[in-house]
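Source file: entry29.pdb; contents: PDB, C-alpha atoms.
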```pdb
ATOM      1  CA  MET A 769      -6.697 -31.020   7.204
ATOM      2  CA  ASN A 770      -2.982 -30.768   7.832
ATOM      3  CA  ASN A 771      -0.684 -28.122   6.402
ATOM      4  CA  GLN A 772       0.489 -30.183   3.422
ATOM      5  CA  GLU A 773      -3.090 -31.014   2.476
ATOM      6  CA  ALA A 774      -4.071 -27.355   2.793
ATOM      7  CA  LEU A 775      -1.110 -26.293   0.643
ATOM      8  CA  ALA A 776      -2.018 -28.915  -1.965
ATOM      9  CA  ALA A 777      -5.595 -27.588  -1.993
ATOM     10  CA  ALA A 778      -4.255 -24.070  -2.509
ATOM     11  CA  VAL A 779      -2.041 -25.166  -5.407
ATOM     12  CA  SER A 780      -4.928 -27.081  -7.013
ATOM     13  CA  GLY A 781      -7.295 -24.177  -6.446
ATOM     14  CA  GLU A 782      -4.874 -21.758  -8.049
ATOM     15  CA  ASP A 783      -4.427 -24.117 -11.013
ATOM     16  CA  ALA A 784      -8.195 -24.158 -11.451
ATOM     17  CA  ALA A 785      -8.281 -20.355 -11.212
ATOM     18  CA  ILE A 786      -5.513 -20.024 -13.806
ATOM     19  CA  TYR A 787      -7.427 -22.305 -16.155
ATOM     20  CA  ALA A 788     -10.681 -20.428 -15.539
ATOM     21  CA  TYR A 789      -9.110 -17.036 -16.128
ATOM     22  CA  GLY A 790      -7.737 -18.242 -19.445
ATOM     23  CA  VAL A 791     -11.326 -18.835 -20.520
ATOM     24  CA  ILE A 792     -12.595 -15.686 -18.814
ATOM     25  CA  GLY A 793      -9.994 -13.507 -20.525
ATOM     26  CA  ALA A 794     -10.925 -14.919 -23.907
ATOM     27  CA  LEU A 795     -14.600 -14.058 -23.427
ATOM     28  CA  LEU A 796     -14.312 -10.509 -22.140
ATOM     29  CA  ASN A 797     -13.463  -7.269 -23.875
ATOM     30  CA  ALA A 798     -11.161  -4.358 -23.240
ATOM     31  CA  GLY A 799     -10.993  -3.299 -19.586
ATOM     32  CA  ALA A 800     -12.529  -6.477 -18.240
ATOM     33  CA  ARG A 801     -10.049  -8.563 -20.217
ATOM     34  CA  ARG A 802      -7.164  -6.545 -18.811
ATOM     35  CA  ARG A 803      -8.525  -7.113 -15.318
ATOM     36  CA  ALA A 804      -8.812 -10.834 -16.035
ATOM     37  CA  LEU A 805      -5.195 -10.945 -17.158
ATOM     38  CA  GLU A 806      -4.076  -9.130 -14.007
ATOM     39  CA  ALA A 807      -6.001 -11.679 -11.949
ATOM     40  CA  LEU A 808      -4.446 -14.508 -13.964
ATOM     41  CA  ARG A 809      -0.957 -13.211 -13.188
ATOM     42  CA  ALA A 810      -1.810 -12.852  -9.503
ATOM     43  CA  HIS A 811      -3.050 -16.454  -9.374
ATOM     44  CA  GLN A 812       0.055 -17.717 -11.189
ATOM     45  CA  SER A 813       2.181 -15.921  -8.628
ATOM     46  CA  TRP A 814       0.289 -17.402  -5.682
ATOM     47  CA  ARG A 815       0.343 -20.849  -7.297
ATOM     48  CA  ASP A 816       4.124 -20.735  -7.550
ATOM     49  CA  ARG A 817       4.480 -19.412  -4.017
ATOM     50  CA  MET A 818       2.297 -22.165  -2.567
ATOM     51  CA  ALA A 819       3.952 -24.924  -4.622
ATOM     52  CA  HIS A 820       7.353 -23.686  -3.450
ATOM     53  CA  LEU A 821       6.306 -24.316   0.154
ATOM     54  CA  MET A 822       5.761 -28.008  -0.555
ATOM     55  CA  PRO A 823       8.722 -30.354  -0.302
ATOM     56  CA  GLY A 824      10.297 -31.806  -3.408
ATOM     57  CA  ASP A 825       7.868 -32.532  -6.193
ATOM     58  CA  THR A 826       4.886 -33.125  -3.942
ATOM     59  CA  ALA A 827       2.849 -30.182  -5.283
ATOM     60  CA  PRO A 828      -0.137 -31.476  -7.240
ATOM     61  CA  ALA A 829       0.057 -31.163 -11.013
ATOM     62  CA  PRO A 830      -2.543 -29.055 -12.770
ATOM     63  CA  GLY A 831      -5.524 -30.760 -14.356
ATOM     64  CA  ILE A 832      -5.596 -30.887 -18.133
ATOM     65  CA  ALA A 833      -9.018 -29.264 -18.129
ATOM     66  CA  TYR A 834     -11.653 -28.371 -15.552
ATOM     67  CA  ASP A 835     -15.420 -28.675 -15.417
ATOM     68  CA  PHE A 836     -17.139 -25.393 -14.764
ATOM     69  CA  PRO A 837     -20.226 -25.672 -12.601
ATOM     70  CA  MET A 838     -22.211 -23.698 -15.167
ATOM     71  CA  GLN A 839     -22.177 -22.896 -18.839
ATOM     72  CA  VAL A 840     -19.877 -19.995 -19.612
ATOM     73  CA  ILE A 841     -21.363 -18.414 -22.696
ATOM     74  CA  ASP A 842     -21.485 -14.649 -22.290
ATOM     75  CA  ALA A 843     -20.142 -11.743 -20.266
ATOM     76  CA  GLY A 844     -22.586 -12.373 -17.420
ATOM     77  CA  THR A 845     -21.752 -16.038 -16.935
ATOM     78  CA  THR A 846     -18.070 -15.262 -17.422
ATOM     79  CA  ARG A 847     -18.140 -12.780 -14.556
ATOM     80  CA  ALA A 848     -20.110 -15.293 -12.493
ATOM     81  CA  LEU A 849     -17.347 -17.861 -13.030
ATOM     82  CA  ALA A 850     -14.721 -15.344 -11.900
ATOM     83  CA  GLN A 851     -16.748 -14.583  -8.754
ATOM     84  CA  LEU A 852     -17.144 -18.297  -8.015
ATOM     85  CA  VAL A 853     -13.450 -19.081  -8.454
ATOM     86  CA  GLU A 854     -12.402 -16.182  -6.226
ATOM     87  CA  ASN A 855     -14.924 -16.882  -3.471
ATOM     88  CA  ARG A 856     -14.019 -20.584  -3.378
ATOM     89  CA  LEU A 857     -10.353 -19.694  -3.033
ATOM     90  CA  VAL A 858     -11.110 -17.520   0.002
ATOM     91  CA  VAL A 859     -12.219 -20.692   1.791
ATOM     92  CA  VAL A 860      -9.162 -22.613   0.594
ATOM     93  CA  TYR A 861      -6.859 -19.918   2.016
ATOM     94  CA  ALA A 862      -8.818 -19.632   5.276
ATOM     95  CA  ASP A 863      -8.349 -23.384   5.694
ATOM     96  CA  LEU A 864      -4.639 -22.953   4.971
ATOM     97  CA  ALA A 865      -4.266 -20.070   7.446
ATOM     98  CA  ALA A 866      -5.617 -22.352  10.174
ATOM     99  CA  THR A 867      -2.823 -24.892   9.576
ATOM    100  CA  CYS A 868       0.245 -22.659   9.663
ATOM    101  CA  GLU A 869       1.963 -19.767  11.363
ATOM    102  CA  GLY A 870       4.152 -16.786  10.655
ATOM    103  CA  GLU A 871       4.910 -15.812   7.082
ATOM    104  CA  GLN A 872       2.880 -18.615   5.539
ATOM    105  CA  ARG A 873      -0.176 -17.622   7.554
ATOM    106  CA  ALA A 874       0.349 -13.974   6.582
ATOM    107  CA  ASP A 875       0.445 -15.066   2.933
ATOM    108  CA  ALA A 876      -2.742 -17.098   3.319
ATOM    109  CA  VAL A 877      -4.629 -14.191   4.908
ATOM    110  CA  LEU A 878      -3.400 -11.781   2.254
ATOM    111  CA  ALA A 879      -4.345 -14.179  -0.547
ATOM    112  CA  ALA A 880      -7.815 -14.672   0.972
ATOM    113  CA  SER A 881      -8.260 -10.898   1.156
ATOM    114  CA  GLU A 882      -7.178 -10.438  -2.458
ATOM    115  CA  CYS A 883      -9.575 -13.156  -3.658
ATOM    116  CA  ALA A 884     -12.540 -11.727  -1.729
ATOM    117  CA  THR A 885     -11.746  -8.296  -3.128
ATOM    118  CA  ARG A 886     -11.574  -9.568  -6.710
ATOM    119  CA  ALA A 887     -14.893 -11.403  -6.268
ATOM    120  CA  VAL A 888     -16.544  -8.108  -5.324
ATOM    121  CA  ILE A 889     -14.850  -6.258  -8.179
ATOM    122  CA  TRP A 890     -16.293  -8.898 -10.544
ATOM    123  CA  GLY A 891     -19.729  -8.047  -9.186
ATOM    124  CA  ALA A 892     -20.273 -10.497  -6.336
ATOM    125  CA  PRO A 893     -22.035  -9.133  -3.262
ATOM    126  CA  SER A 894     -19.708  -8.748  -0.312
ATOM    127  CA  GLN A 895     -20.188 -11.309   2.453
ATOM    128  CA  ALA A 896     -19.462 -11.469   6.171
ATOM    129  CA  PHE A 897     -17.677 -14.802   5.601
ATOM    130  CA  PRO A 898     -16.829 -14.886   1.882
ATOM    131  CA  HIS A 899     -17.487 -18.216   0.161
ATOM    132  CA  ASP A 900     -19.208 -19.515  -2.938
ATOM    133  CA  ALA A 901     -22.839 -19.084  -1.886
ATOM    134  CA  SER A 902     -24.067 -21.299  -4.732
ATOM    135  CA  LEU A 903     -22.730 -24.315  -2.869
ATOM    136  CA  THR A 904     -24.537 -23.711   0.412
TER     137      THR A 904
ATOM    138  CA  MET B1454     -26.523 -25.406 -11.790
ATOM    139  CA  PRO B1455     -27.668 -22.062 -10.442
ATOM    140  CA  LEU B1456     -24.745 -19.892  -9.686
ATOM    141  CA  THR B1457     -25.555 -16.383  -8.684
ATOM    142  CA  GLY B1458     -29.338 -16.479  -8.656
ATOM    143  CA  GLN B1459     -31.448 -15.572  -5.706
ATOM    144  CA  PRO B1460     -29.771 -15.188  -2.358
ATOM    145  CA  ARG B1461     -29.677 -18.298  -0.314
ATOM    146  CA  PRO B1462     -30.201 -18.496   3.397
ATOM    147  CA  PRO B1463     -26.967 -17.553   5.100
ATOM    148  CA  LEU B1464     -24.940 -20.134   6.871
ATOM    149  CA  THR B1465     -25.471 -20.205  10.568
ATOM    150  CA  ARG B1466     -22.695 -19.067  12.823
ATOM    151  CA  ARG B1467     -22.238 -22.598  13.978
ATOM    152  CA  GLN B1468     -21.797 -23.810  10.413
ATOM    153  CA  LEU B1469     -19.312 -21.079   9.712
ATOM    154  CA  LEU B1470     -17.272 -21.497  12.818
ATOM    155  CA  THR B1471     -17.196 -25.249  13.134
ATOM    156  CA  ARG B1472     -14.603 -26.804  10.949
ATOM    157  CA  SER B1473     -16.199 -30.219  10.719
ATOM    158  CA  THR B1474     -19.539 -29.030   9.433
ATOM    159  CA  GLY B1475     -18.668 -25.561   8.234
ATOM    160  CA  LEU B1476     -17.246 -24.339   4.996
ATOM    161  CA  ALA B1477     -14.490 -26.902   5.003
ATOM    162  CA  GLY B1478     -17.145 -29.595   5.041
ATOM    163  CA  VAL B1479     -19.158 -27.889   2.340
ATOM    164  CA  PHE B1480     -16.159 -27.810   0.095
ATOM    165  CA  ALA B1481     -14.809 -31.223   0.887
ATOM    166  CA  GLY B1482     -14.229 -32.941  -2.404
ATOM    167  CA  ALA B1483     -15.414 -29.921  -4.328
ATOM    168  CA  GLY B1484     -12.226 -27.955  -4.516
ATOM    169  CA  VAL B1485     -12.324 -24.789  -6.543
ATOM    170  CA  LEU B1486     -13.258 -26.544  -9.755
ATOM    171  CA  SER B1487     -13.223 -30.225 -10.445
ATOM    172  CA  ALA B1488     -10.339 -31.307 -12.587
ATOM    173  CA  CYS B1489     -11.345 -33.522 -15.455
ATOM    174  CA  GLY B1490      -7.818 -34.173 -16.655
ATOM    175  CA  SER B1491      -5.328 -36.526 -15.153
ATOM    176  CA  GLY B1492      -2.369 -35.634 -13.098
ATOM    177  CA  ALA B1493      -4.136 -34.093 -10.157
ATOM    178  CA  THR B1494      -2.546 -35.777  -7.232
ATOM    179  CA  THR B1495      -2.898 -35.105  -3.592
ATOM    180  CA  ALA B1496       0.198 -34.541  -1.659
ATOM    181  CA  GLY B1497       1.094 -35.120   1.914
ATOM    182  CA  ASP B1498       0.439 -37.905   4.288
ATOM    183  CA  SER B1499      -2.231 -37.941   6.906
ATOM    184  CA  THR B1500       0.012 -36.933   9.744
ATOM    185  CA  ASP B1501      -2.046 -34.260  11.348
ATOM    186  CA  GLY B1502       0.117 -32.041  13.401
ATOM    187  CA  ASN B1503      -2.174 -29.073  13.625
ATOM    188  CA  SER B1504      -5.785 -30.007  13.437
ATOM    189  CA  GLY B1505      -8.502 -28.012  15.105
ATOM    190  CA  ALA B1506      -9.230 -29.000  18.630
ATOM    191  CA  GLY B1507     -12.927 -28.908  17.983
ATOM    192  CA  ASN B1508     -13.614 -26.082  20.357
ATOM    193  CA  SER B1509     -15.396 -22.876  19.595
ATOM    194  CA  GLY B1510     -12.114 -21.070  19.485
ATOM    195  CA  ALA B1511     -12.848 -17.500  20.025
ATOM    196  CA  GLY B1512     -13.198 -17.336  23.728
ATOM    197  CA  ASP B1513     -10.277 -19.479  24.660
ATOM    198  CA  SER B1514      -7.298 -17.967  26.282
ATOM    199  CA  THR B1515      -4.657 -20.225  24.884
ATOM    200  CA  ALA B1516      -1.615 -18.067  25.060
ATOM    201  CA  GLY B1517       0.496 -19.931  22.598
ATOM    202  CA  GLY B1518       3.201 -17.353  22.409
ATOM    203  CA  SER B1519       6.820 -17.494  23.209
ATOM    204  CA  GLY B1520       9.506 -14.918  23.500
ATOM    205  CA  ALA B1521      10.066 -11.997  25.765
ATOM    206  CA  SER B1522       7.287  -9.603  24.868
ATOM    207  CA  PRO B1523       3.818 -10.124  26.271
ATOM    208  CA  VAL B1524       1.649 -11.993  23.811
ATOM    209  CA  ALA B1525      -2.030 -11.291  23.374
ATOM    210  CA  THR B1526      -4.230 -14.233  24.143
ATOM    211  CA  ASP B1527      -7.002 -15.260  21.794
ATOM    212  CA  ALA B1528      -9.515 -13.913  24.306
ATOM    213  CA  GLN B1529      -7.809 -10.510  24.286
ATOM    214  CA  ILE B1530      -7.648 -10.482  20.487
ATOM    215  CA  ASN B1531     -11.311 -11.431  20.346
ATOM    216  CA  ILE B1532     -12.295  -8.482  22.545
ATOM    217  CA  ALA B1533     -10.214  -6.140  20.377
ATOM    218  CA  VAL B1534     -11.985  -7.449  17.265
ATOM    219  CA  ALA B1535     -15.395  -7.012  18.907
ATOM    220  CA  THR B1536     -14.512  -3.456  19.935
ATOM    221  CA  SER B1537     -13.392  -2.624  16.413
ATOM    222  CA  GLU B1538     -16.527  -4.159  14.877
ATOM    223  CA  ARG B1539     -18.688  -2.220  17.325
ATOM    224  CA  ALA B1540     -16.990   1.020  16.227
ATOM    225  CA  LEU B1541     -17.538   0.160  12.549
ATOM    226  CA  ILE B1542     -21.210  -0.553  13.234
ATOM    227  CA  ALA B1543     -21.526   2.843  14.944
ATOM    228  CA  LEU B1544     -19.844   4.603  12.011
ATOM    229  CA  TYR B1545     -22.087   2.893   9.448
ATOM    230  CA  THR B1546     -25.189   3.606  11.541
ATOM    231  CA  ALA B1547     -24.291   7.277  11.867
ATOM    232  CA  THR B1548     -23.509   7.539   8.150
ATOM    233  CA  ILE B1549     -26.789   5.910   7.116
ATOM    234  CA  SER B1550     -28.623   8.200   9.514
ATOM    235  CA  ALA B1551     -26.999  11.271   7.937
ATOM    236  CA  PHE B1552     -27.328  10.103   4.322
ATOM    237  CA  ALA B1553     -30.511   8.070   4.019
ATOM    238  CA  GLN B1554     -29.988   7.717   0.273
ATOM    239  CA  LEU B1555     -26.925   5.541   0.975
ATOM    240  CA  ALA B1556     -28.918   3.042   3.039
ATOM    241  CA  PRO B1557     -29.483   0.497   0.225
ATOM    242  CA  SER B1558     -25.726   0.339  -0.421
ATOM    243  CA  LEU B1559     -24.495   0.547   3.154
ATOM    244  CA  GLU B1560     -26.964  -1.598   5.056
ATOM    245  CA  PRO B1561     -25.623  -4.910   3.669
ATOM    246  CA  LEU B1562     -22.126  -3.920   4.802
ATOM    247  CA  LEU B1563     -23.476  -2.873   8.211
ATOM    248  CA  ARG B1564     -25.183  -6.257   8.585
ATOM    249  CA  GLN B1565     -21.932  -8.035   7.743
ATOM    250  CA  HIS B1566     -20.164  -6.183  10.552
ATOM    251  CA  GLU B1567     -22.991  -7.223  12.853
ATOM    252  CA  GLU B1568     -22.280 -10.819  11.816
ATOM    253  CA  HIS B1569     -18.597 -10.307  12.560
ATOM    254  CA  LEU B1570     -19.470  -8.938  15.983
ATOM    255  CA  ALA B1571     -21.828 -11.851  16.629
ATOM    256  CA  ALA B1572     -19.046 -14.273  15.697
ATOM    257  CA  THR B1573     -16.889 -12.916  18.511
ATOM    258  CA  GLY B1574     -19.564 -13.914  20.990
ATOM    259  CA  VAL B1575     -18.608 -11.142  23.408
ATOM    260  CA  GLU B1576     -20.341  -7.989  24.520
ATOM    261  CA  VAL B1577     -18.421  -4.748  24.398
ATOM    262  CA  PRO B1578     -19.558  -1.267  25.425
ATOM    263  CA  ASP B1579     -20.881   1.146  22.814
ATOM    264  CA  PRO B1580     -18.227   3.472  21.434
ATOM    265  CA  PRO B1581     -18.623   7.225  21.939
ATOM    266  CA  ALA B1582     -21.086   8.833  19.531
ATOM    267  CA  GLN B1583     -19.474  10.043  16.353
ATOM    268  CA  ASN B1584     -20.586  12.356  13.585
ATOM    269  CA  PRO B1585     -19.701  11.386  10.025
ATOM    270  CA  PRO B1586     -18.356  14.090   7.707
ATOM    271  CA  SER B1587     -21.176  16.346   6.503
ATOM    272  CA  ASN B1588     -20.136  15.915   2.871
ATOM    273  CA  LEU B1589     -21.362  12.705   1.245
ATOM    274  CA  SER B1590     -18.201  11.771  -0.591
ATOM    275  CA  ALA B1591     -16.114  12.540   2.483
ATOM    276  CA  ALA B1592     -18.423  10.313   4.525
ATOM    277  CA  ILE B1593     -17.902   7.435   2.083
ATOM    278  CA  ALA B1594     -14.162   8.060   2.117
ATOM    279  CA  ALA B1595     -14.232   7.870   5.914
ATOM    280  CA  LEU B1596     -15.946   4.482   5.721
ATOM    281  CA  ARG B1597     -13.379   3.234   3.225
ATOM    282  CA  GLN B1598     -10.562   4.406   5.466
ATOM    283  CA  ALA B1599     -12.146   2.673   8.454
ATOM    284  CA  GLU B1600     -12.555  -0.568   6.479
ATOM    285  CA  LEU B1601      -8.978  -0.418   5.245
ATOM    286  CA  ILE B1602      -7.678  -0.023   8.793
ATOM    287  CA  ALA B1603      -9.997  -2.788  10.030
ATOM    288  CA  ALA B1604      -8.796  -5.183   7.321
ATOM    289  CA  LEU B1605      -5.169  -4.498   8.245
ATOM    290  CA  GLU B1606      -5.898  -4.901  11.968
ATOM    291  CA  ARG B1607      -7.651  -8.191  11.307
ATOM    292  CA  ARG B1608      -4.678  -9.477   9.325
ATOM    293  CA  GLU B1609      -2.411  -8.536  12.243
ATOM    294  CA  SER B1610      -4.765 -10.285  14.657
ATOM    295  CA  CYS B1611      -4.621 -13.408  12.502
ATOM    296  CA  LEU B1612      -0.884 -13.598  12.975
ATOM    297  CA  LEU B1613      -1.171 -13.317  16.763
ATOM    298  CA  ALA B1614      -4.012 -15.791  17.256
ATOM    299  CA  SER B1615      -3.390 -19.357  18.396
ATOM    300  CA  ASP B1616      -6.516 -21.452  17.997
ATOM    301  CA  PRO B1617      -6.844 -22.718  14.386
ATOM    302  CA  ASP B1618     -10.617 -22.161  14.231
ATOM    303  CA  PHE B1619     -10.188 -18.631  15.524
ATOM    304  CA  VAL B1620      -7.468 -17.982  12.918
ATOM    305  CA  ARG B1621      -9.812 -19.281  10.219
ATOM    306  CA  THR B1622     -12.657 -17.016  11.361
ATOM    307  CA  LEU B1623     -10.342 -13.992  11.510
ATOM    308  CA  THR B1624      -9.145 -14.775   7.977
ATOM    309  CA  PHE B1625     -12.736 -14.634   6.715
ATOM    310  CA  ILE B1626     -13.357 -11.366   8.550
ATOM    311  CA  ALA B1627     -10.134  -9.849   7.178
ATOM    312  CA  ALA B1628     -11.139 -10.925   3.652
ATOM    313  CA  SER B1629     -14.668  -9.568   4.109
ATOM    314  CA  GLU B1630     -13.404  -6.183   5.235
ATOM    315  CA  ALA B1631     -10.854  -5.999   2.430
ATOM    316  CA  SER B1632     -13.717  -6.634   0.011
ATOM    317  CA  HIS B1633     -15.738  -3.844   1.659
ATOM    318  CA  VAL B1634     -13.057  -1.381   0.596
ATOM    319  CA  ALA B1635     -13.703  -2.424  -3.007
ATOM    320  CA  ALA B1636     -17.489  -2.419  -2.527
ATOM    321  CA  LEU B1637     -17.401   1.152  -1.214
ATOM    322  CA  LYS B1638     -15.678   2.346  -4.379
ATOM    323  CA  THR B1639     -18.960   2.157  -6.249
ATOM    324  CA  VAL B1640     -21.132   3.569  -3.461
ATOM    325  CA  GLY B1641     -22.464   7.089  -3.914
ATOM    326  CA  ARG B1642     -21.522   7.363  -7.565
ATOM    327  CA  ASN B1643     -25.094   8.162  -8.540
ATOM    328  CA  GLN B1644     -25.932  10.360  -5.601
TER     329      GLN B1644
END
```
Entire entry expressed as structure tokens:
Amino acid sequence: MNNQEALAAAVSGEDAAIYAYGVIGALLNAGARRRALEALRAHQSWRDRMAHLMPGDTAPAPGIAYDFPMQVIDAGTTRALAQLVENRLVVVYADLAATCEGEQRADAVLAASECATRAVIWGAPSQAFPHDASLT
Amino acid sequence: MPLTGQPRPPLTRRQLLTRSTGLAGVFAGAGVLSACGSGATTAGDSTDGNSGAGNSGAGDSTAGGSGASPVATDAQINIAVATSERALIALYTATISAFAQLAPSLEPLLRQHEEHLAATGVEVPDPPAQNPPSNLSAAIAALRQAELIAALERRESCLLASDPDFVRTLTFIAASEASHVAALKTVGRNQ
């Protein structure tokens, strides 16, 4: 994976996270909804930052809709979706960190750390090498 | 599709640390979620200016630095990470020994630091014995402080490292330790 591919994966991953958090926010109440909205804003910010690093209009466009790997029907499955999205993004940013240097690498490591932290706050167990364990 | 059900067998170190068959391979084509709309394009050509060299990364001493100041090699960074992980393991072990009731919460975190240490592949001497604070909440606060410092150190190490696979591994460790800070927030609440 080269740097442009890794950046494109980060932009696409953030678009998926933004979409997911729109659904997550709608299904949660009170404090959890506020946390979902904070996460949504964080992902929008990272999406813009990553897209800005790609030349011209080469950043991938968001999908119109996304398939969730499970039914999202209640608070439990909603939190599970948030954990999944965050843990998958950790891997996307670790891949990105390996393709760049300097400020961009610092951003990738920080973003990975934020995603792993949010996954745990949503109830995921911490991991030595954070990733979506349902895929392994 | 099961999502968060029973724990699955952990990935092996080789799977985690090898780009071709590790997490990157697991996620190839999967992305974060699969888009079912149009408009998702992939950018970039296939010019690969910075691909992994396919080595194990951590032990290499590829001093890729430039400039006047001495630059740490990956091997030196790796030893520093191992030393830090060893100190964290000692702190967790001492804390669990002093507060047995915290063991169910702390042992998973301890094991994750043992995995981090194993990933370095180097042996470092035991740190000097340390006594955790005698007060439970102060002991948890000390762990959180140690994790916070470790996460920051790991992020710094990431910026200094040269080998792409090593950078990737350090990114996972930094993320793991940042998440430990959050995990420790809920530890000891019912004690």
Counting only C-alpha atoms, the residue of B:Ala1571, B:Leu1559, B:Ala1488, B:Leu1596 that sits nearest chain A: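 Of B:Ala1571, B:Leu1559, B:Ala1488, B:Leu1596, the one nearest chain A, counting only C-alpha atoms, is B:Ala1488.
Taking CA of Leu775 (chain A) and CA of Arg856 (chain A) as endpoints, the distance between them is 14.7 Å.
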When distances are computed from all atoms listed in the file, which of B:Leu1544, B:Leu1570, B:Val1534, B:Val1640 shows the smallest separation from Ala1582 (chain B)?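 Result for the nearest residue to Ala1582 (chain B): B:Leu1544.
Here is the contact set of chain A against chain B, at 6 Å and counting all atoms listed in the file: Asn770, Gln772, Glu773, Gly781, Ala784, Thr826, Pro828, Ala829, Pro830, Gly831, Ile832, Ala833, Tyr834, Asp835, Met838, Arg856, Ala862, Ala866, Thr867, Val877, Ala880, Ser881, Ala884, Thr885, Ala896, Phe897 and Ser902 of chain A.
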Written file, previous selection with C-alpha atoms, as a tab-separated table (two decimals), in the frame of the given file:
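Ended up saving to out-v8.tsv:
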```tsv
chain	number	residue	atom	x	y	z
A	770	ASN	CA	-2.98	-30.77	7.83
A	772	GLN	CA	0.49	-30.18	3.42
A	773	GLU	CA	-3.09	-31.01	2.48
A	781	GLY	CA	-7.30	-24.18	-6.45
A	784	ALA	CA	-8.20	-24.16	-11.45
A	826	THR	CA	4.89	-33.12	-3.94
A	828	PRO	CA	-0.14	-31.48	-7.24
A	829	ALA	CA	0.06	-31.16	-11.01
A	830	PRO	CA	-2.54	-29.06	-12.77
A	831	GLY	CA	-5.52	-30.76	-14.36
A	832	ILE	CA	-5.60	-30.89	-18.13
A	833	ALA	CA	-9.02	-29.26	-18.13
A	834	TYR	CA	-11.65	-28.37	-15.55
A	835	ASP	CA	-15.42	-28.68	-15.42
A	838	MET	CA	-22.21	-23.70	-15.17
A	856	ARG	CA	-14.02	-20.58	-3.38
A	862	ALA	CA	-8.82	-19.63	5.28
A	866	ALA	CA	-5.62	-22.35	10.17
A	867	THR	CA	-2.82	-24.89	9.58
A	877	VAL	CA	-4.63	-14.19	4.91
A	880	ALA	CA	-7.82	-14.67	0.97
A	881	SER	CA	-8.26	-10.90	1.16
A	884	ALA	CA	-12.54	-11.73	-1.73
A	885	THR	CA	-11.75	-8.30	-3.13
A	896	ALA	CA	-19.46	-11.47	6.17
A	897	PHE	CA	-17.68	-14.80	5.60
A	902	SER	CA	-24.07	-21.30	-4.73
```
Contacts of Ala887 (chain A) at 8 Å or less, counting all atoms listed in the file, minus same-chain residues fewer than 5 places along, as a count of residues only? 7
Expected selection from the PyMOL selection byres ((chain A and resi 809-818) around 8), given as a ChimeraX atom specification: /A:775,778-779,782-783,785-786,805-808,819-822,879
As an exercise, work out the distance from CA of Ala1525 (chain B) to CA of Arg1539 (chain B) in Å and give it to one decimal place. 19.9 Å
As a VMD selection string, please: the residues near Ala1533 (chain B) (cut-off 12 Å, only C-alpha atoms, same-chain neighbours under 3 positions excluded). chain B and resid 1511 1525 to 1530 1536 to 1540 1570 1573 1575 to 1578 1603 1606 to 1607 1609 to 1610 1614 1623
In Å, rounded to a single decimal, give me how far CA of Asp875 (chain A) is from CA of Leu857 (chain A).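 If I compute the distance from CA of Leu857 (chain A) to CA of Asp875 (chain A), I get 13.2 Å.
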Calculated over only C-alpha atoms, which of the candidates A:Ala876, A:Arg803, A:Ile792, A:Gln839 has the smallest distance to Tyr861 (chain A)?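 For Tyr861 (chain A), the nearest of the candidates is A:Ala876.
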Show me, as a list in words, the residues that have an atom within 12 Å of Ala800 (chain A) when counting only C-alpha atoms, minus same-chain residues fewer than 3 positions from it. Tyr789, Ile792, Gly793, Ala794, Leu795, Leu796, Asn797, Arg803, Ala804, Leu805, Glu806, Ala807, Ala843, Gly844, Thr846, Arg847, Ala850, Arg886, Ile889, Trp890 and Gly891 of chain A
Would you save the residues from that selection as a tab-separated table (two decimals), keeping the file's coordinate frame, using C-alpha atoms?
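File written: result00.tsv
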```
chain	number	residue	atom	x	y	z
A	789	TYR	CA	-9.11	-17.04	-16.13
A	792	ILE	CA	-12.60	-15.69	-18.81
A	793	GLY	CA	-9.99	-13.51	-20.52
A	794	ALA	CA	-10.92	-14.92	-23.91
A	795	LEU	CA	-14.60	-14.06	-23.43
A	796	LEU	CA	-14.31	-10.51	-22.14
A	797	ASN	CA	-13.46	-7.27	-23.88
A	803	ARG	CA	-8.52	-7.11	-15.32
A	804	ALA	CA	-8.81	-10.83	-16.04
A	805	LEU	CA	-5.20	-10.94	-17.16
A	806	GLU	CA	-4.08	-9.13	-14.01
A	807	ALA	CA	-6.00	-11.68	-11.95
A	843	ALA	CA	-20.14	-11.74	-20.27
A	844	GLY	CA	-22.59	-12.37	-17.42
A	846	THR	CA	-18.07	-15.26	-17.42
A	847	ARG	CA	-18.14	-12.78	-14.56
A	850	ALA	CA	-14.72	-15.34	-11.90
A	886	ARG	CA	-11.57	-9.57	-6.71
A	889	ILE	CA	-14.85	-6.26	-8.18
A	890	TRP	CA	-16.29	-8.90	-10.54
A	891	GLY	CA	-19.73	-8.05	-9.19
```
With 3 Å of padding per side, what axis-aligned box (centre and edge lengths, Å, one decimal) covers all the listed atoms of region 1520-1539 of chain B? Give it as AutoDock Vina command-line options.
```
--center_x -4.3 --center_y -8.7 --center_z 20.6 --size_x 34.8 --size_y 19.0 --size_z 17.4
```
Within 6 Å of Ala774 (chain A), counting all atoms listed in the file, which residues show up once you throw out same-chain ones fewer than 3 positions away? Write them as a list in words, please. Asn771, Ala777 and Leu864 of chain A
Given the file above and the PyMOL selection byres ((chain B and resi 1546) around 10), which residues are selected, and can you give them as a compact mmCIF listing (two decimals) with C-alpha atoms, in the coordinates of the input?
```txt
# COMPACT_ATOMS: atom_id res chain seq x y z
CA ALA B 1540 -16.99 1.02 16.23
CA LEU B 1541 -17.54 0.16 12.55
CA ILE B 1542 -21.21 -0.55 13.23
CA ALA B 1543 -21.53 2.84 14.94
CA LEU B 1544 -19.84 4.60 12.01
CA TYR B 1545 -22.09 2.89 9.45
CA ALA B 1547 -24.29 7.28 11.87
CA THR B 1548 -23.51 7.54 8.15
CA ILE B 1549 -26.79 5.91 7.12
CA SER B 1550 -28.62 8.20 9.51
CA ALA B 1551 -27.00 11.27 7.94
CA PHE B 1552 -27.33 10.10 4.32
CA ALA B 1556 -28.92 3.04 3.04
CA LEU B 1559 -24.50 0.55 3.15
CA GLU B 1560 -26.96 -1.60 5.06
CA LEU B 1563 -23.48 -2.87 8.21
CA GLN B 1583 -19.47 10.04 16.35
CA PRO B 1585 -19.70 11.39 10.02
```
